[in-house]
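Trainee: Once you've had a glance at the structure underneath, I'll fire off some questions.
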Amino acid sequence: MPDGSIEMSDIHRDGTQAIINEEPRDDEALLGSDNDLEEASKLVRGEPGIWVWLLVVSAGISGLLFGYDTAIISSALLQLANPPESSPIPALTVGEQSLVTSITSISALISSLCSGPVSEYGRKKAILAAAVVFILGAIWQSMAGSVQSLVVGRFIVGLGVGAGSAVVPMYITELSPAHLRSRLNTLNTVFITLGQIVAYLIGYWYSRTPFGWRPMFLLGGLPAAIQIVLLFFLPESPRWLVQRGYIEQATSILARIYGIKQDQANAAERRMLSQLIRSIERGVRSEHELSSTSAKWKSLIGKRGNRKALLISGGLQGFQQLCGFNALMYFSSLIYAMLNFKNPTLTSLSVAATNFTFTLVSLVLIPKVGKRRLLLYSVPMMALGLLIAAYGFSHLPTRQVSSSHGADSSKPVDPESSFYAYVILFSTTFYVASYASGIGNVPWQQSEFFPMSVRSLGTAVATACNWSSNFIIGETFLGLMERMGAVATFVLFAIICTGGWVGIYLGYPDTEGMNLEEIEALLSR
Ligand SMILES: O[C@H]1[C@H](O)[C@@H](O)[C@H](O)[C@@H](O)[C@H]1O
């Protein structure tokens, strides 16, 4: 070859075994000059093309559904707790309401764990399976004729939520160029938070329609149907393809991601592609022995780098939920009703809107500031917001904050307590903004910590940490408020934030701009 670069056909392999058995070649002998390398790195730092954005948006529909399905339940419950006389489902008791809400976290926990083995068959297949489950769940919930079938419908939809929440960030991580990985992953969280806003708006829209909960649930199936169509155009993860030996397909997908026309590629471009493929190959080669699930578990827990990856990602996922954000998300209308706000539903829409807006802010900040620094700056602000809210609660009459029955409109509002109610509104909004800027989305970027051999399993376990902590908060928050009071509950969350900050300071590495293979090397040290 005239310029010393390699042809695509040179890097084509016919199966995993061939990759594994092949001796590493001397890259330098095959690749071009230093000038080529400089050009190649400029290419790597370019803006993502429209194809990459479309790809992430199509995959991100799972995030939209995650947000929609976890948030729509609060509007649906308002109706299901006060049904019209002709309703086949009697008014849900408090216990049933909590079961219908928490069953989704339980099934999300189960399916996030199962998503590991399923995504070994292909990331796209796993996303497709989640989309089918979303549609099934939407139809089932909307047609429910009894409490039991409602619970089954919520269970089904939770299976989609859990699988989508584990697989989509992994898929995005595996196909993103290193310098765009954080940004593209944050886009998935933008979709989650957008789904939550859409759910509040649709919930509000149907709130006065008799049996409005049926269309509320059914509408969740629509984006999933669109996603199934889009999936035909989505490529498979290039890293998964390399692992399976489909080098040619992986190369052409990487070429599209980096905006390279393969038939017209210059030396620098060909060089960059071959380097990418070969560094992925090396990762696959080094861990090829992990074919069984038990060997993967052994490696995940036994190997230093993997164990660290699991601790960081699982710990961060647990912290994301235990810091109490979803308690505010799920029960904000109740809290604001206790504070005598006129329209608690609108005030809680402000929680979702702040969450969405500041996730957008972090989309801009992450590439500039980096994930580690963003977490270190934003978590103390969350603690501050919580402490100010606790201070506000401490000035309100105890009866007002421990009642679970909402606003007492017959009681004249004492102007001093209304001042503190505003202190609480502003401090919780400040807390939500700080949450959304960092811990609200960074944990979902967990897949980057795991090497290919244990990536799906590690991602699944870390995601399960999220859903189990989500369940704990959903189940205990109101009890904590009743038993310990709002002041102690908010102080407790502030203490959790402080502990989380220390954990991040000590253990969360700065991986900004590193490729996945460099992160693997960093954690194995
Ligand atoms: O990252 C998301 C996002 O922050 C959502 O708003 C929240 O409800 C989820 O629990 C979380 O995982």
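By convention here, the chains of the structure tokens are called A, B, ... in the order presented, each chain's residues are numbered starting at 1, and ligands are numbered starting at 1 in the order presented.
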Produce as an mmCIF file with C-alpha atoms, in the first residue's frame the set of residues near ligand 1, where near means within 6 Å with only C-alpha atoms and all ligand atoms considered.

Mentor:
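The file below, selection04.cif, is the result:
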```cif
data_model
loop_
_atom_site.group_PDB
_atom_site.id
_atom_site.type_symbol
_atom_site.label_atom_id
_atom_site.label_comp_id
_atom_site.auth_asym_id
_atom_site.auth_seq_id
_atom_site.Cartn_x
_atom_site.Cartn_y
_atom_site.Cartn_z
ATOM 1 C CA THR A 189 -31.060 11.784 31.163
ATOM 2 C CA THR A 193 -36.539 14.262 32.771
ATOM 3 C CA ASN A 326 -37.441 11.075 44.077
ATOM 4 C CA GLY A 440 -29.071 13.291 38.623
ATOM 5 C CA ASN A 441 -27.295 12.107 35.511
#
```

Trainee: For segment 478-490 of chain A, list every protein, DNA or RNA residue within 6 Å, evaluated using only C-alpha atoms, and leave out those in the same chain fewer than 4 positions away; present the list as a list in words.

Mentor: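 My reading of the contact set: Leu386, Ala390, Phe393, Ser394 and Ser402 of chain A.
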
Trainee: Next, write the just-selected residues to a file, as an mmCIF file, in the first residue's frame, keeping N, CA and C atoms as the atom set.

Mentor:
```cif
data_model
loop_
_atom_site.group_PDB
_atom_site.id
_atom_site.type_symbol
_atom_site.label_atom_id
_atom_site.label_comp_id
_atom_site.auth_asym_id
_atom_site.auth_seq_id
_atom_site.Cartn_x
_atom_site.Cartn_y
_atom_site.Cartn_z
ATOM 1 N N LEU A 386 -31.031 21.310 51.349
ATOM 2 C CA LEU A 386 -31.794 20.485 52.289
ATOM 3 C C LEU A 386 -31.781 21.092 53.692
ATOM 4 N N ALA A 390 -34.836 22.334 55.936
ATOM 5 C CA ALA A 390 -35.070 21.855 57.311
ATOM 6 C C ALA A 390 -35.277 23.046 58.243
ATOM 7 N N PHE A 393 -38.744 24.260 57.718
ATOM 8 C CA PHE A 393 -39.713 23.383 58.381
ATOM 9 C C PHE A 393 -39.716 23.597 59.897
ATOM 10 N N SER A 394 -38.523 23.909 60.451
ATOM 11 C CA SER A 394 -38.453 24.038 61.907
ATOM 12 C C SER A 394 -39.258 25.234 62.403
ATOM 13 N N SER A 402 -46.535 17.366 59.702
ATOM 14 C CA SER A 402 -46.604 15.916 59.847
ATOM 15 C C SER A 402 -47.920 15.350 59.315
#
```

Trainee: Name all residues at most 12 Å from Ile135 of chain A (count only C-alpha atoms; drop same-chain ones fewer than 5 positions away) and give them as a PyMOL selection string.

Mentor: chain A and resi 62+65+69+128-130+140-142+153-154+156-161+217-228

Trainee: Of the candidates A:Ala81, A:Val168, A:Leu92, A:Ala163, which one gets nearest to Ser58 of chain A if we count only C-alpha atoms?

Mentor: A:Val168

Trainee: Expressed in Å to a single decimal, how great is the separation between atom CA of Gln97 of chain A and atom CA of Leu80 of chain A?

Mentor: 8.5 Å

Trainee: Taking 6 positions as the minimum chain separation for residues in the same chain, which residues sit within 9 Å of Ser165 of chain A when counting only C-alpha atoms? Answer as an mmCIF file with N, CA and C atoms, in the first residue's frame.

Mentor:
```cif
data_model
loop_
_atom_site.group_PDB
_atom_site.id
_atom_site.type_symbol
_atom_site.label_atom_id
_atom_site.label_comp_id
_atom_site.auth_asym_id
_atom_site.auth_seq_id
_atom_site.Cartn_x
_atom_site.Cartn_y
_atom_site.Cartn_z
ATOM 1 N N SER A 62 -36.173 5.265 25.064
ATOM 2 C CA SER A 62 -36.337 4.411 26.264
ATOM 3 C C SER A 62 -36.258 5.266 27.526
ATOM 4 N N GLY A 63 -35.373 6.298 27.501
ATOM 5 C CA GLY A 63 -35.251 7.201 28.650
ATOM 6 C C GLY A 63 -36.546 7.985 28.837
ATOM 7 N N PHE A 66 -38.956 5.761 30.438
ATOM 8 C CA PHE A 66 -38.560 5.582 31.849
ATOM 9 C C PHE A 66 -39.146 6.749 32.661
ATOM 10 N N ALA A 108 -38.503 -3.242 37.849
ATOM 11 C CA ALA A 108 -37.352 -2.597 37.198
ATOM 12 C C ALA A 108 -36.054 -3.171 37.771
ATOM 13 N N SER A 112 -33.533 -5.085 35.404
ATOM 14 C CA SER A 112 -32.194 -4.511 35.205
ATOM 15 C C SER A 112 -31.146 -5.594 35.448
ATOM 16 N N TRP A 444 -25.600 7.428 35.528
ATOM 17 C CA TRP A 444 -26.000 6.651 34.346
ATOM 18 C C TRP A 444 -24.852 6.463 33.356
ATOM 19 N N THR A 463 -27.175 -0.788 37.969
ATOM 20 C CA THR A 463 -28.541 -0.283 37.753
ATOM 21 C C THR A 463 -29.488 -0.845 38.818
#
```

Trainee: Can you list, as a ChimeraX atom specification, every residue of segment 245-291 of chain A that DSSP puts in helix (DSSP H, G or I)?

Mentor: /A:247-257,262-264,267-286

Trainee: Could you write out that same residue set with C-alpha atoms as an mmCIF file, in the first residue's frame?

Mentor:
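The file below, out-v5.cif, is the result:
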```
data_model
loop_
_atom_site.group_PDB
_atom_site.id
_atom_site.type_symbol
_atom_site.label_atom_id
_atom_site.label_comp_id
_atom_site.auth_asym_id
_atom_site.auth_seq_id
_atom_site.Cartn_x
_atom_site.Cartn_y
_atom_site.Cartn_z
ATOM 1 C CA ILE A 247 -14.971 -6.578 12.373
ATOM 2 C CA GLU A 248 -16.066 -5.328 8.976
ATOM 3 C CA GLN A 249 -19.479 -4.201 10.224
ATOM 4 C CA ALA A 250 -17.900 -2.636 13.309
ATOM 5 C CA THR A 251 -15.442 -0.721 11.132
ATOM 6 C CA SER A 252 -18.111 0.660 8.874
ATOM 7 C CA ILE A 253 -20.266 1.737 11.853
ATOM 8 C CA LEU A 254 -17.283 3.466 13.477
ATOM 9 C CA ALA A 255 -16.567 5.161 10.151
ATOM 10 C CA ARG A 256 -20.123 6.539 10.067
ATOM 11 C CA ILE A 257 -19.915 7.663 13.688
ATOM 12 C CA GLN A 262 -14.952 4.552 3.944
ATOM 13 C CA ASP A 263 -14.369 4.370 0.196
ATOM 14 C CA GLN A 264 -12.828 7.847 0.146
ATOM 15 C CA ALA A 267 -4.502 7.725 5.366
ATOM 16 C CA ALA A 268 -5.201 9.539 8.655
ATOM 17 C CA GLU A 269 -8.794 8.405 8.697
ATOM 18 C CA ARG A 270 -7.948 4.803 7.909
ATOM 19 C CA ARG A 271 -5.284 4.907 10.546
ATOM 20 C CA MET A 272 -7.682 6.174 13.187
ATOM 21 C CA LEU A 273 -10.264 3.509 12.375
ATOM 22 C CA SER A 274 -7.766 0.698 12.525
ATOM 23 C CA GLN A 275 -6.407 2.003 15.821
ATOM 24 C CA LEU A 276 -9.884 2.065 17.279
ATOM 25 C CA ILE A 277 -10.673 -1.452 16.133
ATOM 26 C CA ARG A 278 -7.379 -2.783 17.379
ATOM 27 C CA SER A 279 -7.701 -1.240 20.824
ATOM 28 C CA ILE A 280 -11.173 -2.770 21.143
ATOM 29 C CA GLU A 281 -9.784 -6.092 19.908
ATOM 30 C CA ARG A 282 -7.088 -5.989 22.558
ATOM 31 C CA GLY A 283 -9.727 -5.585 25.275
ATOM 32 C CA VAL A 284 -11.685 -8.529 23.895
ATOM 33 C CA ARG A 285 -8.570 -10.672 23.572
ATOM 34 C CA SER A 286 -7.446 -10.085 27.146
#
```

Trainee: Just the residues within 7 Å of Cys497 of chain A, please, counting only C-alpha atoms, with nothing from its chain fewer than 3 positions along; format it as a PDB file with C-alpha atoms, in the first residue's frame.

Mentor:
```
ATOM      1  CA  CYS A 323     -30.202  11.523  48.573  1.00  0.00           C
ATOM      2  CA  VAL A 379     -23.452  17.790  45.976  1.00  0.00           C
ATOM      3  CA  ALA A 383     -26.878  19.482  51.239  1.00  0.00           C
ATOM      4  CA  PHE A 493     -30.831  13.548  53.579  1.00  0.00           C
ATOM      5  CA  ALA A 494     -28.269  16.338  54.056  1.00  0.00           C
ATOM      6  CA  GLY A 500     -21.853  10.785  49.297  1.00  0.00           C
ATOM      7  CA  TRP A 501     -19.561  13.771  48.728  1.00  0.00           C
TER       8      TRP A 501
END
```

Trainee: Can you pull out the residues contacting Ser332 of chain A? Cut-off 12 Å, using only C-alpha atoms, and skip same-chain residues under 5 positions away; I want them as a PyMOL selection string.

Mentor: chain A and resi 71+74+324-327+337-339+341+343-352+404+406+424-425+428-429+432+477-478

Trainee: For each of A:Leu184, A:Glu448, A:Pro235, A:Tyr200, take the minimum atom-to-atom distance to Ile366 of chain A, counting only C-alpha atoms, then give the residue where this is smallest.

Mentor: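 Smallest distance to Ile366 of chain A is found for A:Leu184.
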
Trainee: Go through A:Phe356, A:Phe449, A:Tyr377, A:Trp467 and flag the residue nearest Glu174 of chain A, using only C-alpha atoms for the distances.

Mentor: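 When distances to Glu174 of chain A are compared using only C-alpha atoms, the smallest one comes from A:Phe449.
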
Trainee: Which is closer to Arg455 of chain A than all the others in A:Ser107, A:Ser313, A:Thr70, A:Asn185, using only C-alpha atoms?

Mentor: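 Closest to Arg455 of chain A of all the choices is A:Ser313.
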
Trainee: What's the separation between atom CA of Leu150 of chain A and atom CA of Ile89 of chain A, in Å to one decimal place?

Mentor: 9.3 Å

Trainee: With distances taken over only C-alpha atoms, which of A:Leu363, A:Val52, A:Met216, A:Leu194 is nearest to Ile73 of chain A?

Mentor: A:Met216

Trainee: Rank nothing, just name the residue among A:Gln196, A:Phe211, A:Trp53, A:Tyr121 nearest to Gln79 of chain A, using only C-alpha atoms.

Mentor: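 For Gln79 of chain A, the nearest of the given residues is A:Phe211.
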